[in-house]
Amino acid sequence: MFETLGWLGLVALFFWGVTVSSVVVDDVLHGWIARRAGGVPGALARAAGAQLLCAAAFLGLCKTGVELGHEMDLAWVGSCAIVLAAVLYTPVAMSMLPVRQAREDLEDAGATAGQALAASWTAGPLGLLGLLVVVGAYMAGVMP
């Protein structure tokens, strides 16, 4: 039964990421990249920096929760921290996927074609790697 709930939670996490990414994160993140890009290198740096900073926060929250749960001898604390971190980070990781849609959204937010291309093709693969890390952490920390 717990395995089925774990898989349902992973599917729900995916749908949560798609929904929140398309409604909230895309507007905020793409607008921030487009407004303050300062050229193609600036757009590339902002897009990659946002993905890497959020990934580092995800991993830090997971590590802190697992260590705290280990110190308290309560494994569920680590699992809860992993789920919380995944809920917060999944929309950000999905915000640049698919790459073509992210590029169009960046252009709509005011980025030039070059800026949008650089930002989407830099942050897209980083977002995909971030999603793989989320699935791995979820499987390791939540699935029985």
# chains A, B, ... in the order shown; residues from 1 in each chain; ligands from 1
$ residues_around --residues "Ser120 (chain A)" --least-positions-apart "4" --cutoff "8 Å" --atoms "only C-alpha atoms" --output "PyMOL selection string"
chain A and resi 47+96+99-100+102-103+116+124
$ residues_around --residues "Gly114 (chain A)" --least-positions-apart "2" --cutoff "12 Å" --atoms "only C-alpha atoms" --output "number ranges by chain"
A: 34, 37-44, 103-104, 106-107, 110-112, 116-121
$ residues_around --residues "Val92 (chain A)" --least-positions-apart "6" --cutoff "8 Å" --atoms "only C-alpha atoms" --output "PDB file with N, CA and C atoms, in the first residue's frame"
ATOM      1  N   GLY A  17       4.088  20.320 -10.431  1.00  0.00           N
ATOM      2  CA  GLY A  17       5.144  21.078 -11.088  1.00  0.00           C
ATOM      3  C   GLY A  17       4.693  21.701 -12.392  1.00  0.00           C
ATOM      4  N   SER A  21       4.276  25.705 -12.473  1.00  0.00           N
ATOM      5  CA  SER A  21       5.247  26.272 -13.394  1.00  0.00           C
ATOM      6  C   SER A  21       4.566  27.103 -14.464  1.00  0.00           C
ATOM      7  N   VAL A  25       5.446  30.369 -11.897  1.00  0.00           N
ATOM      8  CA  VAL A  25       6.895  30.464 -12.024  1.00  0.00           C
ATOM      9  C   VAL A  25       7.309  31.012 -13.378  1.00  0.00           C
ATOM     10  N   GLN A  51      18.474  28.382 -12.089  1.00  0.00           N
ATOM     11  CA  GLN A  51      18.315  26.931 -11.978  1.00  0.00           C
ATOM     12  C   GLN A  51      19.291  26.342 -10.960  1.00  0.00           C
ATOM     13  N   CYS A  54      18.440  27.401  -7.252  1.00  0.00           N
ATOM     14  CA  CYS A  54      17.279  26.664  -6.725  1.00  0.00           C
ATOM     15  C   CYS A  54      17.614  25.191  -6.502  1.00  0.00           C
ATOM     16  N   GLY A 127      17.351  22.153 -15.941  1.00  0.00           N
ATOM     17  CA  GLY A 127      16.055  21.809 -15.356  1.00  0.00           C
ATOM     18  C   GLY A 127      15.767  20.324 -15.462  1.00  0.00           C
TER      19      GLY A 127
END
$ residues_around --residues "Phe15 (chain A)" --least-positions-apart "4" --cutoff "12 Å" --atoms "only C-alpha atoms" --output "short mmCIF file (atom, residue, chain, number, x, y, z; two decimals) with all heavy atoms, in the first residue's frame"
data_model
loop_
_atom_site.label_atom_id
_atom_site.label_comp_id
_atom_site.auth_asym_id
_atom_site.auth_seq_id
_atom_site.Cartn_x
_atom_site.Cartn_y
_atom_site.Cartn_z
N LEU A 8 1.85 7.36 -6.44
CA LEU A 8 0.83 8.38 -6.64
C LEU A 8 1.36 9.76 -6.24
O LEU A 8 1.05 10.77 -6.89
CB LEU A 8 -0.43 8.05 -5.85
CG LEU A 8 -1.28 6.91 -6.40
CD1 LEU A 8 -2.41 6.59 -5.44
CD2 LEU A 8 -1.81 7.23 -7.77
N GLY A 9 2.15 9.80 -5.19
CA GLY A 9 2.76 11.06 -4.78
C GLY A 9 3.71 11.60 -5.83
O GLY A 9 3.77 12.81 -6.08
N LEU A 10 4.47 10.72 -6.47
CA LEU A 10 5.39 11.15 -7.52
C LEU A 10 4.63 11.69 -8.73
O LEU A 10 5.01 12.71 -9.31
CB LEU A 10 6.29 9.98 -7.93
CG LEU A 10 7.50 10.32 -8.80
CD1 LEU A 10 8.40 11.31 -8.11
CD2 LEU A 10 8.26 9.05 -9.14
N VAL A 11 3.54 11.03 -9.10
CA VAL A 11 2.71 11.52 -10.21
C VAL A 11 2.08 12.87 -9.84
O VAL A 11 2.06 13.80 -10.65
CB VAL A 11 1.64 10.47 -10.58
CG1 VAL A 11 0.62 11.05 -11.55
CG2 VAL A 11 2.29 9.24 -11.17
N THR A 19 1.58 22.46 -13.30
CA THR A 19 0.56 23.48 -13.04
C THR A 19 1.17 24.77 -12.48
O THR A 19 0.93 25.86 -13.00
CB THR A 19 -0.51 22.95 -12.07
OG1 THR A 19 -1.06 21.76 -12.62
CG2 THR A 19 -1.60 23.97 -11.83
N VAL A 20 1.94 24.64 -11.45
CA VAL A 20 2.51 25.83 -10.81
C VAL A 20 3.52 26.50 -11.73
O VAL A 20 3.60 27.73 -11.80
CB VAL A 20 3.13 25.48 -9.45
CG1 VAL A 20 3.88 26.65 -8.86
CG2 VAL A 20 2.05 25.01 -8.50
N SER A 21 4.28 25.71 -12.47
CA SER A 21 5.25 26.27 -13.39
C SER A 21 4.57 27.10 -14.46
O SER A 21 5.00 28.20 -14.78
CB SER A 21 6.06 25.15 -14.04
OG SER A 21 6.88 25.67 -15.06
N SER A 22 3.49 26.59 -15.02
CA SER A 22 2.83 27.32 -16.10
C SER A 22 2.04 28.52 -15.61
O SER A 22 1.83 29.46 -16.35
CB SER A 22 1.91 26.38 -16.89
OG SER A 22 0.86 25.91 -16.07
N VAL A 87 8.39 19.70 -3.59
CA VAL A 87 7.23 20.53 -3.92
C VAL A 87 7.67 21.96 -4.26
O VAL A 87 7.12 22.58 -5.17
CB VAL A 87 6.21 20.52 -2.75
CG1 VAL A 87 5.20 21.63 -2.87
CG2 VAL A 87 5.52 19.18 -2.68
N THR A 90 10.31 21.56 -7.84
CA THR A 90 9.84 20.98 -9.10
C THR A 90 9.29 22.03 -10.06
O THR A 90 9.63 21.98 -11.25
CB THR A 90 8.81 19.86 -8.83
OG1 THR A 90 9.43 18.85 -8.04
CG2 THR A 90 8.32 19.25 -10.11
N PRO A 91 8.47 22.99 -9.64
CA PRO A 91 8.01 23.99 -10.60
C PRO A 91 9.14 24.82 -11.21
O PRO A 91 9.09 25.19 -12.38
CB PRO A 91 7.07 24.88 -9.79
CG PRO A 91 6.62 24.03 -8.66
CD PRO A 91 7.77 23.15 -8.35
N MET A 94 10.89 22.73 -13.83
CA MET A 94 10.05 22.54 -15.01
C MET A 94 9.78 23.84 -15.76
O MET A 94 9.20 23.82 -16.85
CB MET A 94 8.73 21.90 -14.62
CG MET A 94 8.89 20.51 -14.07
SD MET A 94 7.32 19.79 -13.67
CE MET A 94 7.12 18.71 -15.07
#
$ residues_around --residues "Ser79 (chain A)" --least-positions-apart "5" --cutoff "12 Å" --atoms "only C-alpha atoms" --output "list in words"
Gly6, Leu61, Cys62, Lys63, Thr64, Gly65, Val66, Glu67, Leu68, Gly69, His70, Leu74, Leu84, Ala85, Ala86, Ala137, Tyr138, Met139, Ala140, Gly141, Val142, Met143 and Pro144 of chain A
$ write_last_selection --atoms "N, CA and C atoms" --output "compact mmCIF listing (two decimals), in the first residue's frame"
# COMPACT_ATOMS: atom_id res chain seq x y z
N GLY A 6 3.36 6.06 -2.64
CA GLY A 6 4.59 6.71 -3.08
C GLY A 6 4.57 7.04 -4.56
N LEU A 61 18.09 21.74 1.56
CA LEU A 61 16.93 21.43 2.38
C LEU A 61 16.79 19.93 2.60
N CYS A 62 17.03 19.16 1.56
CA CYS A 62 16.98 17.69 1.70
C CYS A 62 18.03 17.20 2.69
N LYS A 63 19.25 17.68 2.54
CA LYS A 63 20.34 17.25 3.41
C LYS A 63 20.08 17.65 4.86
N THR A 64 19.61 18.87 5.06
CA THR A 64 19.32 19.33 6.42
C THR A 64 18.21 18.51 7.06
N GLY A 65 17.15 18.24 6.31
CA GLY A 65 16.05 17.44 6.83
C GLY A 65 16.45 16.02 7.17
N VAL A 66 17.24 15.42 6.30
CA VAL A 66 17.67 14.04 6.55
C VAL A 66 18.60 13.99 7.77
N GLU A 67 19.52 14.94 7.87
CA GLU A 67 20.43 14.98 9.02
C GLU A 67 19.66 15.23 10.32
N LEU A 68 18.70 16.14 10.27
CA LEU A 68 17.88 16.41 11.46
C LEU A 68 17.08 15.18 11.86
N GLY A 69 16.49 14.50 10.88
CA GLY A 69 15.75 13.28 11.17
C GLY A 69 16.65 12.19 11.75
N HIS A 70 17.88 12.11 11.25
CA HIS A 70 18.83 11.12 11.77
C HIS A 70 19.22 11.45 13.21
N LEU A 74 14.22 9.98 13.93
CA LEU A 74 12.88 9.97 13.32
C LEU A 74 13.06 10.06 11.81
N LEU A 84 8.84 18.29 0.94
CA LEU A 84 8.71 19.74 0.93
C LEU A 84 9.66 20.37 -0.08
N ALA A 85 10.91 19.93 -0.08
CA ALA A 85 11.88 20.47 -1.03
C ALA A 85 11.47 20.16 -2.47
N ALA A 86 10.95 18.98 -2.70
CA ALA A 86 10.51 18.61 -4.05
C ALA A 86 9.32 19.45 -4.49
N ALA A 137 15.91 11.72 -5.34
CA ALA A 137 15.78 12.01 -3.91
C ALA A 137 14.44 11.50 -3.38
N TYR A 138 13.39 11.68 -4.16
CA TYR A 138 12.07 11.20 -3.75
C TYR A 138 12.08 9.70 -3.60
N MET A 139 12.65 9.01 -4.57
CA MET A 139 12.70 7.54 -4.52
C MET A 139 13.52 7.04 -3.33
N ALA A 140 14.61 7.72 -3.06
CA ALA A 140 15.48 7.30 -1.96
C ALA A 140 14.90 7.63 -0.59
N GLY A 141 14.22 8.77 -0.48
CA GLY A 141 13.78 9.21 0.82
C GLY A 141 12.35 8.88 1.18
N VAL A 142 11.49 8.63 0.18
CA VAL A 142 10.08 8.45 0.47
C VAL A 142 9.60 7.05 0.15
N MET A 143 10.06 6.50 -0.95
CA MET A 143 9.60 5.17 -1.35
C MET A 143 10.16 4.12 -0.41
N PRO A 144 9.35 3.15 -0.05
CA PRO A 144 9.84 2.11 0.89
C PRO A 144 10.87 1.20 0.27
$ select_by_dssp --residues "region 8-113 of chain A" --states "alpha helix (DSSP H)" --output "JSON, numbers by chain"
{"A": [8, 9, 10, 11, 12, 13, 14, 15, 16, 17, 18, 19, 20, 26, 27, 28, 29, 30, 31, 32, 33, 34, 35, 40, 41, 42, 43, 44, 45, 46, 47, 48, 49, 50, 51, 52, 53, 54, 55, 56, 57, 58, 59, 60, 61, 62, 63, 64, 65, 66, 67, 68, 69, 70, 71, 72, 75, 76, 77, 78, 79, 80, 81, 82, 83, 84, 85, 86, 87, 88, 89, 90, 91, 92, 93, 94, 99, 100, 101, 102, 103, 104, 105, 106, 107, 108, 113]}
